[in-house]
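Just run.cif here, mmCIF, C-alpha atoms:
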```cif
data_data
#
loop_
_atom_site.label_atom_id
_atom_site.label_comp_id
_atom_site.auth_asym_id
_atom_site.auth_seq_id
_atom_site.Cartn_x
_atom_site.Cartn_y
_atom_site.Cartn_z
CA MET P 28 -7.40 2.32 -16.47
CA SER P 29 -10.40 1.86 -14.21
CA LEU P 30 -12.61 1.70 -17.27
CA ILE P 31 -10.47 -1.09 -18.74
CA ARG P 32 -10.63 -3.07 -15.45
CA HIS P 33 -14.43 -2.71 -15.38
CA SER P 34 -14.64 -3.93 -18.98
CA HIS P 35 -12.62 -7.03 -18.07
CA VAL P 36 -14.91 -7.81 -15.13
CA SER P 37 -18.04 -7.33 -17.24
CA LEU P 38 -16.63 -9.55 -19.99
CA SER P 39 -15.75 -12.32 -17.50
CA MET P 40 -19.23 -12.20 -15.95
CA PHE P 41 -20.81 -12.31 -19.40
CA SER P 42 -18.68 -15.37 -20.32
CA VAL P 43 -19.71 -17.19 -17.12
CA LEU P 44 -23.38 -16.41 -17.75
CA MET P 45 -23.07 -17.68 -21.33
CA LEU P 46 -21.55 -20.95 -20.09
CA LEU P 47 -24.31 -21.40 -17.50
CA ALA P 48 -27.11 -20.68 -19.99
CA PRO P 49 -28.82 -23.88 -21.16
CA VAL P 50 -28.41 -24.76 -24.85
CA GLN P 51 -31.82 -24.25 -26.41
CA THR P 52 -33.15 -26.51 -29.13
CA LEU P 53 -35.93 -25.14 -31.27
CA PRO P 54 -39.06 -27.29 -31.47
CA GLY P 55 -38.90 -29.64 -34.44
CA GLN P 56 -35.12 -29.58 -34.49
CA THR P 57 -32.86 -32.30 -33.15
CA SER P 58 -30.85 -31.69 -29.99
CA GLY P 59 -27.12 -31.12 -30.34
CA ASP P 60 -27.50 -29.55 -33.78
CA SER P 61 -29.85 -27.25 -35.60
CA LYS P 62 -31.05 -29.79 -38.16
CA PHE P 63 -34.72 -30.43 -38.79
CA ALA P 64 -35.80 -33.82 -37.47
CA LEU P 65 -37.13 -34.81 -40.88
CA ARG P 66 -36.35 -37.38 -43.55
CA ALA P 67 -35.96 -35.37 -46.73
CA ALA P 68 -35.82 -36.57 -50.32
CA LEU P 69 -33.96 -34.20 -52.61
CA VAL P 70 -35.26 -34.75 -56.14
CA LEU P 71 -32.49 -34.09 -58.64
CA THR P 72 -33.87 -35.26 -61.95
CA PRO P 73 -31.55 -35.78 -64.95
CA GLU P 74 -33.41 -32.88 -66.64
CA PHE P 75 -32.66 -30.54 -63.73
CA CYS P 76 -29.04 -31.64 -63.53
CA SER P 77 -28.53 -30.86 -67.21
CA THR P 78 -30.30 -27.48 -67.22
CA GLU P 79 -28.64 -24.98 -69.53
CA ILE P 80 -29.73 -21.40 -70.00
CA LYS P 81 -28.77 -19.70 -73.25
CA GLN P 82 -28.45 -15.98 -73.75
CA GLY P 83 -27.76 -13.80 -76.78
CA ASP P 84 -28.09 -14.31 -80.50
CA LYS P 85 -25.88 -15.67 -83.27
CA VAL P 86 -25.60 -12.39 -85.21
CA TRP P 87 -24.65 -9.67 -82.74
CA THR P 88 -23.60 -11.12 -79.41
CA GLY P 89 -22.92 -14.79 -79.90
CA VAL P 90 -24.82 -17.34 -77.86
CA GLU P 91 -23.63 -17.90 -74.32
CA LYS P 92 -24.53 -21.09 -72.49
CA PHE P 93 -24.76 -21.20 -68.70
CA GLU P 94 -24.62 -24.76 -67.39
CA VAL P 95 -26.53 -24.04 -64.21
CA GLY P 96 -27.97 -27.53 -63.68
CA PRO P 97 -24.70 -29.46 -63.18
CA ALA P 98 -23.42 -26.82 -60.75
CA ALA P 99 -26.70 -26.79 -58.79
CA CYS P 100 -26.77 -30.60 -58.59
CA ALA P 101 -23.27 -30.66 -57.13
CA GLU P 102 -23.97 -27.89 -54.59
CA LEU P 103 -27.49 -28.60 -53.34
CA GLU P 104 -26.97 -32.00 -51.70
CA PRO P 105 -24.11 -31.06 -49.31
CA ALA P 106 -25.75 -27.71 -48.48
CA LEU P 107 -29.10 -29.27 -47.53
CA GLN P 108 -27.48 -32.17 -45.67
CA ALA P 109 -26.55 -29.58 -43.07
CA VAL P 110 -30.22 -28.65 -42.67
CA PHE P 111 -32.05 -32.00 -42.47
CA HIS P 112 -31.40 -34.89 -40.10
CA GLN P 113 -31.58 -37.28 -43.04
CA LEU P 114 -31.34 -36.34 -46.70
CA ASN P 115 -31.48 -38.76 -49.61
CA ARG P 116 -30.77 -37.77 -53.15
CA VAL P 117 -33.26 -39.29 -55.59
CA ALA P 118 -33.78 -38.96 -59.34
CA ALA P 119 -37.59 -38.96 -59.19
CA SER P 120 -40.28 -38.16 -56.60
CA PRO P 121 -40.24 -41.00 -54.03
CA ALA P 122 -43.10 -43.08 -52.62
CA SER P 123 -45.04 -41.16 -49.97
CA ASP P 124 -43.93 -43.31 -46.99
CA THR P 125 -40.18 -43.02 -47.59
CA ALA P 126 -39.76 -39.32 -46.84
CA ASP P 127 -41.34 -36.70 -44.59
CA VAL P 128 -40.65 -33.95 -47.11
CA VAL P 129 -39.82 -33.85 -50.80
CA ILE P 130 -37.52 -31.09 -52.04
CA LEU P 131 -37.93 -29.94 -55.62
CA PRO P 132 -35.43 -27.44 -57.03
CA ARG P 133 -35.96 -25.47 -60.26
CA VAL P 134 -33.79 -23.04 -62.20
CA VAL P 135 -35.99 -20.02 -62.89
CA SER P 136 -33.57 -17.94 -64.94
CA ALA P 137 -29.96 -16.97 -65.55
CA SER P 138 -28.78 -13.80 -67.18
CA ALA P 139 -25.35 -12.30 -67.56
CA THR P 140 -24.15 -8.84 -68.35
CA ARG P 141 -20.86 -7.06 -68.86
CA ARG P 142 -20.89 -3.69 -67.32
CA LYS P 143 -17.63 -2.83 -65.63
CA GLY P 144 -14.45 -1.63 -67.33
CA ILE P 145 -13.83 -0.25 -70.80
CA THR P 146 -12.76 -3.15 -72.97
CA ILE P 147 -9.75 -1.45 -74.61
CA PHE P 148 -7.93 -0.87 -71.31
CA ASN P 149 -8.80 -3.93 -69.23
CA ARG P 150 -10.67 -7.20 -69.14
CA PRO P 151 -14.33 -6.39 -68.45
CA GLU P 152 -16.07 -8.04 -65.55
CA LYS P 153 -19.10 -10.14 -66.30
CA ASP P 154 -21.91 -10.62 -63.81
CA LEU P 155 -24.26 -13.58 -63.73
CA LEU P 156 -27.58 -13.62 -61.93
CA VAL P 157 -29.12 -17.04 -61.26
CA ALA P 158 -32.63 -17.39 -59.86
CA LEU P 159 -33.16 -20.70 -58.10
CA GLU P 160 -36.50 -21.86 -56.71
CA LEU P 161 -36.92 -24.52 -54.04
CA THR P 162 -40.28 -26.11 -53.26
CA ILE P 163 -40.74 -28.37 -50.25
CA LYS P 164 -43.80 -30.62 -50.24
CA ASP P 165 -45.32 -32.97 -47.68
CA PRO P 166 -46.00 -36.64 -48.59
CA ALA P 167 -49.53 -35.69 -49.68
CA GLY P 168 -48.12 -33.28 -52.25
CA ASN P 169 -49.07 -30.07 -50.46
CA THR P 170 -46.53 -27.28 -50.52
CA VAL P 171 -45.04 -26.63 -47.09
CA TRP P 172 -42.52 -24.04 -48.18
CA LEU P 173 -41.38 -22.30 -51.36
CA GLN P 174 -38.70 -19.72 -51.93
CA THR P 175 -36.83 -18.15 -54.82
CA VAL P 176 -33.32 -16.82 -54.32
CA GLU P 177 -31.00 -14.86 -56.57
CA GLY P 178 -27.34 -15.82 -56.61
CA THR P 179 -24.71 -13.65 -58.24
CA GLY P 180 -21.22 -14.33 -59.52
CA THR P 181 -18.54 -12.27 -61.26
CA ALA P 182 -15.71 -13.26 -63.60
CA LYS P 183 -13.31 -11.41 -65.84
CA GLY P 184 -14.02 -11.81 -69.54
CA ARG P 185 -11.96 -11.49 -72.70
CA PRO P 186 -11.56 -7.98 -74.15
CA ASN P 187 -14.52 -8.64 -76.45
CA GLY P 188 -16.70 -9.47 -73.43
CA THR P 189 -16.87 -13.25 -73.97
CA LEU P 190 -15.60 -15.84 -71.49
CA SER P 191 -13.33 -18.83 -71.89
CA LYS P 192 -14.83 -22.21 -70.89
CA LYS P 193 -12.80 -22.17 -67.69
CA ASP P 194 -13.90 -18.64 -66.74
CA MET P 195 -17.51 -19.46 -67.64
CA LYS P 196 -17.41 -22.38 -65.21
CA ILE P 197 -15.98 -20.12 -62.51
CA LEU P 198 -18.78 -17.60 -63.15
CA VAL P 199 -21.59 -20.17 -63.11
CA ASP P 200 -20.20 -22.02 -60.08
CA ALA P 201 -19.90 -18.76 -58.11
CA ALA P 202 -23.48 -17.64 -58.89
CA VAL P 203 -24.93 -21.09 -58.15
CA ALA P 204 -22.92 -21.46 -54.92
CA ASP P 205 -24.24 -18.07 -53.77
CA ALA P 206 -27.84 -19.07 -54.59
CA VAL P 207 -27.51 -22.46 -52.86
CA LYS P 208 -25.95 -20.88 -49.76
CA GLN P 209 -28.84 -18.43 -49.54
CA VAL P 210 -31.51 -21.05 -50.06
CA ALA P 211 -29.98 -23.36 -47.42
CA GLU P 212 -30.00 -20.47 -44.92
CA LYS P 213 -33.61 -19.69 -45.74
CA VAL P 214 -34.66 -23.34 -45.38
CA SER P 215 -32.98 -23.66 -41.99
CA SER P 216 -34.76 -20.55 -40.68
CA ALA P 217 -38.20 -21.29 -42.17
CA PRO P 218 -40.87 -21.21 -39.43
CA GLU P 219 -43.19 -23.29 -41.64
CA LEU P 220 -40.69 -26.18 -41.68
CA ARG P 221 -40.06 -25.93 -37.96
CA LYS P 222 -43.81 -26.14 -37.36
CA PHE P 223 -44.12 -29.05 -39.79
CA ALA P 224 -41.25 -30.92 -38.11
CA GLU P 225 -43.02 -30.63 -34.75
CA HIS P 226 -45.85 -32.78 -36.11
CA VAL P 227 -43.59 -35.46 -37.54
CA THR P 228 -42.03 -38.18 -35.38
CA PRO P 229 -38.27 -37.67 -35.25
CA PRO P 230 -36.35 -40.43 -37.05
CA LYS P 231 -34.66 -43.08 -34.90
CA ARG P 232 -30.93 -42.62 -34.48
CA MET G 11 -9.43 8.09 -90.32
CA TYR G 12 -8.08 9.06 -86.89
CA ILE G 13 -11.17 11.16 -86.14
CA ARG G 14 -13.50 8.33 -87.18
CA GLY G 15 -11.65 5.86 -84.93
CA THR G 16 -11.84 8.27 -82.00
CA ALA G 17 -15.56 8.81 -82.60
CA ILE G 18 -16.23 5.05 -82.62
CA PHE G 19 -14.21 4.63 -79.45
CA LEU G 20 -16.11 7.45 -77.71
CA LEU G 21 -19.42 5.96 -78.83
CA LEU G 22 -18.45 2.54 -77.43
CA ALA G 23 -17.22 4.12 -74.20
CA ALA G 24 -20.53 6.02 -73.90
CA ALA G 25 -22.46 2.78 -74.44
CA VAL G 26 -20.47 1.04 -71.70
CA TRP G 27 -20.93 4.04 -69.39
CA LEU G 28 -24.70 4.03 -70.04
CA ALA G 29 -24.79 0.33 -69.29
CA ALA G 30 -22.94 0.88 -66.02
CA ALA G 31 -25.31 3.59 -64.75
CA GLU G 32 -27.39 2.36 -61.83
CA LEU G 33 -31.14 2.89 -61.83
CA PRO G 34 -32.92 4.58 -58.92
CA ALA G 35 -34.94 2.28 -56.66
CA TYR G 36 -38.69 2.30 -57.25
CA PRO G 37 -40.37 3.99 -54.26
CA ALA G 38 -41.67 1.32 -51.90
CA ARG G 39 -45.34 1.47 -50.97
CA THR G 40 -47.71 -0.61 -48.89
CA PRO G 41 -50.51 -2.59 -50.59
CA ARG G 42 -53.14 -0.08 -49.43
CA GLU G 43 -51.17 2.82 -50.96
CA CYS G 44 -51.40 1.23 -54.44
CA ALA G 45 -53.85 2.11 -57.21
CA ALA G 46 -55.78 -1.11 -56.54
CA SER G 47 -55.76 -3.29 -53.45
CA ALA G 48 -57.77 -6.18 -52.03
CA GLU G 49 -57.65 -8.47 -49.03
CA SER G 50 -58.49 -12.12 -48.53
CA GLY G 51 -57.88 -14.36 -45.54
CA GLY G 52 -55.67 -11.74 -43.91
CA VAL G 53 -53.37 -11.17 -46.89
CA VAL G 54 -53.50 -7.73 -48.50
CA VAL G 55 -52.34 -7.37 -52.10
CA GLY G 56 -51.83 -4.08 -53.93
CA ILE G 57 -50.91 -3.34 -57.54
CA GLN G 58 -49.61 -0.20 -59.19
CA PRO G 59 -49.49 -0.27 -63.03
CA MET G 60 -46.62 1.71 -64.54
CA ARG G 61 -48.12 3.09 -67.74
CA ASP G 62 -45.98 6.23 -68.06
CA PRO G 63 -43.09 5.51 -70.50
CA ALA G 64 -40.92 8.15 -68.76
CA GLU G 65 -41.42 6.36 -65.43
CA GLN G 66 -40.56 3.03 -67.09
CA LYS G 67 -37.36 4.55 -68.47
CA THR G 68 -36.44 5.98 -65.05
CA TYR G 69 -36.98 2.88 -62.92
CA LEU G 70 -36.65 -0.02 -65.39
CA GLY G 71 -34.10 1.50 -67.76
CA MET G 72 -36.26 1.12 -70.84
CA LYS G 73 -39.61 2.01 -72.35
CA MET G 74 -41.56 -1.20 -72.63
CA LYS G 75 -43.28 -2.14 -75.83
CA ASP G 76 -46.27 -4.52 -75.71
CA LEU G 77 -45.64 -5.10 -72.00
CA LEU G 78 -47.11 -3.36 -68.99
CA PRO G 79 -44.97 -3.33 -65.85
CA VAL G 80 -47.15 -3.72 -62.77
CA PHE G 81 -45.70 -3.28 -59.29
CA ILE G 82 -47.24 -5.83 -56.92
CA THR G 83 -46.88 -5.82 -53.16
CA MET G 84 -48.26 -8.29 -50.61
CA GLN G 85 -48.51 -8.20 -46.85
CA ASN G 86 -49.50 -11.19 -44.73
CA GLU G 87 -51.47 -9.96 -41.72
CA ALA G 88 -52.84 -13.44 -40.91
CA LYS G 89 -51.60 -16.03 -38.45
CA ASP G 90 -51.11 -18.62 -41.20
CA SER G 91 -48.45 -18.81 -43.89
CA PHE G 92 -49.34 -18.68 -47.59
CA ILE G 93 -47.59 -19.75 -50.76
CA PHE G 94 -47.37 -17.14 -53.50
CA ASP G 95 -46.50 -18.88 -56.77
CA ARG G 96 -45.96 -16.43 -59.61
CA ASP G 97 -46.93 -19.11 -62.11
CA ASN G 98 -50.47 -19.10 -60.69
CA ILE G 99 -51.13 -15.45 -61.56
CA LYS G 100 -53.93 -14.98 -64.05
CA PHE G 101 -54.53 -11.89 -66.11
CA GLY G 102 -56.85 -10.62 -68.83
CA PRO G 103 -59.48 -8.06 -69.83
CA ALA G 104 -62.00 -7.68 -66.99
CA GLU G 105 -64.93 -9.20 -68.91
CA THR G 106 -63.21 -12.27 -70.34
CA ALA G 107 -61.89 -15.50 -68.84
CA LEU G 108 -58.59 -14.99 -67.04
CA ALA G 109 -55.51 -16.65 -68.48
CA SER G 110 -51.98 -17.23 -67.23
CA PRO G 111 -49.70 -14.77 -68.99
CA ASP G 112 -46.59 -16.12 -70.68
CA VAL G 113 -44.51 -13.47 -68.99
CA THR G 114 -41.05 -14.90 -69.64
CA LYS G 115 -41.58 -15.42 -73.36
CA SER G 116 -43.02 -11.95 -73.82
CA ARG G 117 -40.21 -10.30 -71.89
CA GLY G 118 -37.68 -12.15 -74.03
CA ARG G 119 -39.36 -10.84 -77.17
CA ASN G 120 -39.30 -7.33 -75.78
CA ALA G 121 -35.69 -7.54 -74.68
CA ALA G 122 -34.72 -8.83 -78.13
CA GLY G 123 -36.14 -5.61 -79.56
CA VAL G 124 -33.40 -3.68 -77.79
CA PHE G 125 -30.66 -5.37 -79.78
CA ILE G 126 -30.80 -2.95 -82.69
CA SER G 127 -27.08 -2.33 -83.06
CA PRO G 128 -23.89 -3.65 -81.42
CA ILE G 129 -23.51 -0.36 -79.54
CA PHE G 130 -26.58 -1.15 -77.48
CA ILE G 131 -25.73 -4.76 -76.82
CA THR G 132 -24.31 -4.23 -73.35
CA HIS G 133 -27.16 -1.86 -72.55
CA GLY G 134 -29.69 -4.49 -73.61
CA PHE G 135 -28.08 -7.22 -71.51
CA LYS G 136 -28.06 -4.95 -68.50
CA ASN G 137 -31.71 -4.07 -69.04
CA GLN G 138 -32.64 -7.72 -69.14
CA GLN G 139 -30.83 -8.34 -65.86
CA ASN G 140 -32.41 -5.24 -64.29
CA LEU G 141 -35.86 -6.47 -65.23
CA GLU G 142 -35.11 -9.86 -63.70
CA LYS G 143 -33.75 -8.33 -60.50
CA LEU G 144 -36.90 -6.24 -60.06
CA GLU G 145 -39.31 -9.06 -60.89
CA VAL G 146 -41.54 -10.43 -58.13
CA ARG G 147 -40.50 -13.95 -57.13
CA SER G 148 -42.45 -16.94 -55.89
CA THR G 149 -42.21 -17.11 -52.12
CA THR G 150 -43.72 -18.18 -48.81
CA LEU G 151 -45.51 -15.38 -46.99
CA SER G 152 -44.97 -16.12 -43.31
CA PRO G 153 -47.12 -14.27 -40.74
CA GLY G 154 -46.10 -10.61 -40.80
CA ALA G 155 -44.00 -11.03 -43.95
CA SER G 156 -44.29 -9.02 -47.14
CA ALA G 157 -43.08 -9.41 -50.71
CA HIS G 158 -42.99 -7.11 -53.68
CA GLY G 159 -41.68 -6.72 -57.22
CA PHE G 160 -42.75 -6.22 -60.80
CA LEU G 161 -44.81 -8.30 -63.15
CA TYR G 162 -44.37 -7.67 -66.87
CA LEU G 163 -47.77 -8.31 -68.38
CA PRO G 164 -48.14 -8.81 -72.13
CA MET G 165 -50.56 -6.25 -73.55
CA GLU G 166 -52.21 -6.87 -76.91
CA LYS G 167 -52.88 -3.70 -78.90
CA ASP G 168 -56.62 -4.42 -79.10
CA VAL G 169 -57.00 -4.40 -75.29
CA THR G 170 -55.14 -1.10 -74.70
CA GLY G 171 -57.41 1.22 -72.74
CA GLN G 172 -59.66 -1.63 -71.57
CA LYS G 173 -60.15 -2.42 -67.90
CA MET G 174 -57.91 -5.33 -66.94
CA GLN G 175 -58.14 -7.87 -64.16
CA LEU G 176 -55.34 -9.62 -62.30
CA ARG G 177 -55.93 -12.65 -60.10
CA VAL G 178 -53.42 -13.59 -57.40
CA VAL G 179 -53.83 -17.13 -56.10
CA LEU G 180 -52.51 -17.84 -52.61
CA VAL G 181 -52.37 -21.34 -51.14
CA LYS G 182 -52.39 -21.93 -47.40
CA VAL G 183 -49.22 -23.76 -46.42
CA GLY G 184 -49.56 -27.55 -46.17
CA SER G 185 -53.07 -27.60 -47.63
CA THR G 186 -55.04 -27.25 -50.84
CA GLU G 187 -56.98 -24.28 -49.43
CA THR G 188 -56.67 -21.37 -51.87
CA SER G 189 -57.69 -17.71 -51.80
CA ASN G 190 -58.21 -15.81 -55.03
CA ILE G 191 -57.54 -12.11 -54.86
CA ASP G 192 -58.92 -10.19 -57.84
CA LEU G 193 -57.67 -6.73 -58.70
CA SER G 194 -58.90 -4.44 -61.48
CA PHE G 195 -56.96 -1.63 -63.06
#
```

Kindly transcribe the structure held in the file into structure tokens.
Amino acid sequence: MSLIRHSHVSLSMFSVLMLLAPVQTLPGQTSGDSKFALRAALVLTPEFCSTEIKQGDKVWTGVEKFEVGPAACAELEPALQAVFHQLNRVAASPASDTADVVILPRVVSASATRRKGITIFNRPEKDLLVALELTIKDPAGNTVWLQTVEGTGTAKGRPNGTLSKKDMKILVDAAVADAVKQVAEKVSSAPELRKFAEHVTPPKR
Amino acid sequence: MYIRGTAIFLLLAAAVWLAAAELPAYPARTPRECAASAESGGVVVGIQPMRDPAEQKTYLGMKMKDLLPVFITMQNEAKDSFIFDRDNIKFGPAETALASPDVTKSRGRNAAGVFISPIFITHGFKNQQNLEKLEVRSTTLSPGASAHGFLYLPMEKDVTGQKMQLRVVLVKVGSTETSNIDLSF
């Protein structure tokens, strides 16, 4: 009983201390949120947005097509808007004075497998691995940050291991969403970007 | 007829089971513990070629034909950050000009060689994904950070047994300043 009372007291004191503690803003990040005080241009070219990765062959496996580009184009913008104070989507690299950083995504690879479940008894699960690379450059074209992430997704296939169009979309969307979530987290915690943002004048609100 | 059907089913089940088997993790090592290592600007890079087919089978799930898996590990001991871009790696026989290897294309060719019969289809797909998961990726090496993974280098038959050279190009973040790290094996 005494132990419980002590725990309550400790918890209350901890809560008070947490309320009194000043909210810290990391250098290069805007106050009130954890966004970088940078104007970013996200370059989503038509080629990137239509990226398809094919796997398999016509004779044995059939050709599978993973429409990674459209999924990545839909996911990247909202995810990175939460990281930069200002983010503009552009279709080509912008003029050097319009953005503090230029973000260039690239689909490195996508490969699927079917490995779980014996096909006669149940629908086998299919895994997709998508490697997504993000390069962030300064207006002079120098790379400030680069990272590759691997997103995974799983969907249930037909007994013969193939996927319907609907299930394929679910699989690709899940893998891409995972990759984009990871890359956004890595961008927001990148010390190189924080350091870079310190040297750039914060945009006017 | 019944026996033949059962045999086919068991064969398919075995193929799926083989495909599902997980591979053991390749033992991690520091750059200086590798067969070849070099340092430049505070970044240490080590490489460990995997020539033994049995070792390839154990850790990569397949014996590689015309490709040499090379484990590469990097440690940034400097105060600056560096960009490691896999596309900037150069490789060739030690006494010739270094070239960028077409790693992806070669791996695809090798993986295609696995697709001998439908029984091994799932196995082949899994192998391809395993190779991709273990591959070294382009990254930013922040101070104190490390990165590692495999490179799958195309090996021509006429250079087998020759001394090879691998060049890792690192670019200092936010600049055009590069460091070339050459490693022989």

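Distance annotation: of G:Pro79, G:Gly171, G:Gly52, G:Pro63, the residue with the minimal separation from Glu145 in chain G is G:Pro79; atom set is all atoms listed in the file.
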
Exercise. Which residues fall under the PyMOL selection byres ((chain G and resi 99) around 8) in this file, as an MDAnalysis selection string?
Worked result: chainID G and resid 95:98 100:101 110:111 176:179

Problem set entry | Straight-line distance linking CA of Ser47 in chain G with CA of Leu220 in chain P, stated in Å to one decimal | 29.8 Å

Problem set entry | Explicit residue set for the PyMOL selection byres ((chain P and resi 109-125) around 7), as a ChimeraX atom specification | /P:62-73,105-108,126,166,215

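Minimum distance to chain P across G:Met165, G:Ala157, G:Met84, G:Met174 (counting only C-alpha atoms) occurs at G:Ala157.
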
For this session: Write out as a PyMOL selection string the residues lying within 12 Å of Leu193 in chain G, counting all atoms listed in the file and excluding same-chain residues fewer than 4 positions away.
Result: chain G and resi 41+44-50+54-59+80+82+99-104+108+173-179

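Of note, CA of Ala202 in chain P and CA of Val86 in chain P are spaced 26.9 Å apart.
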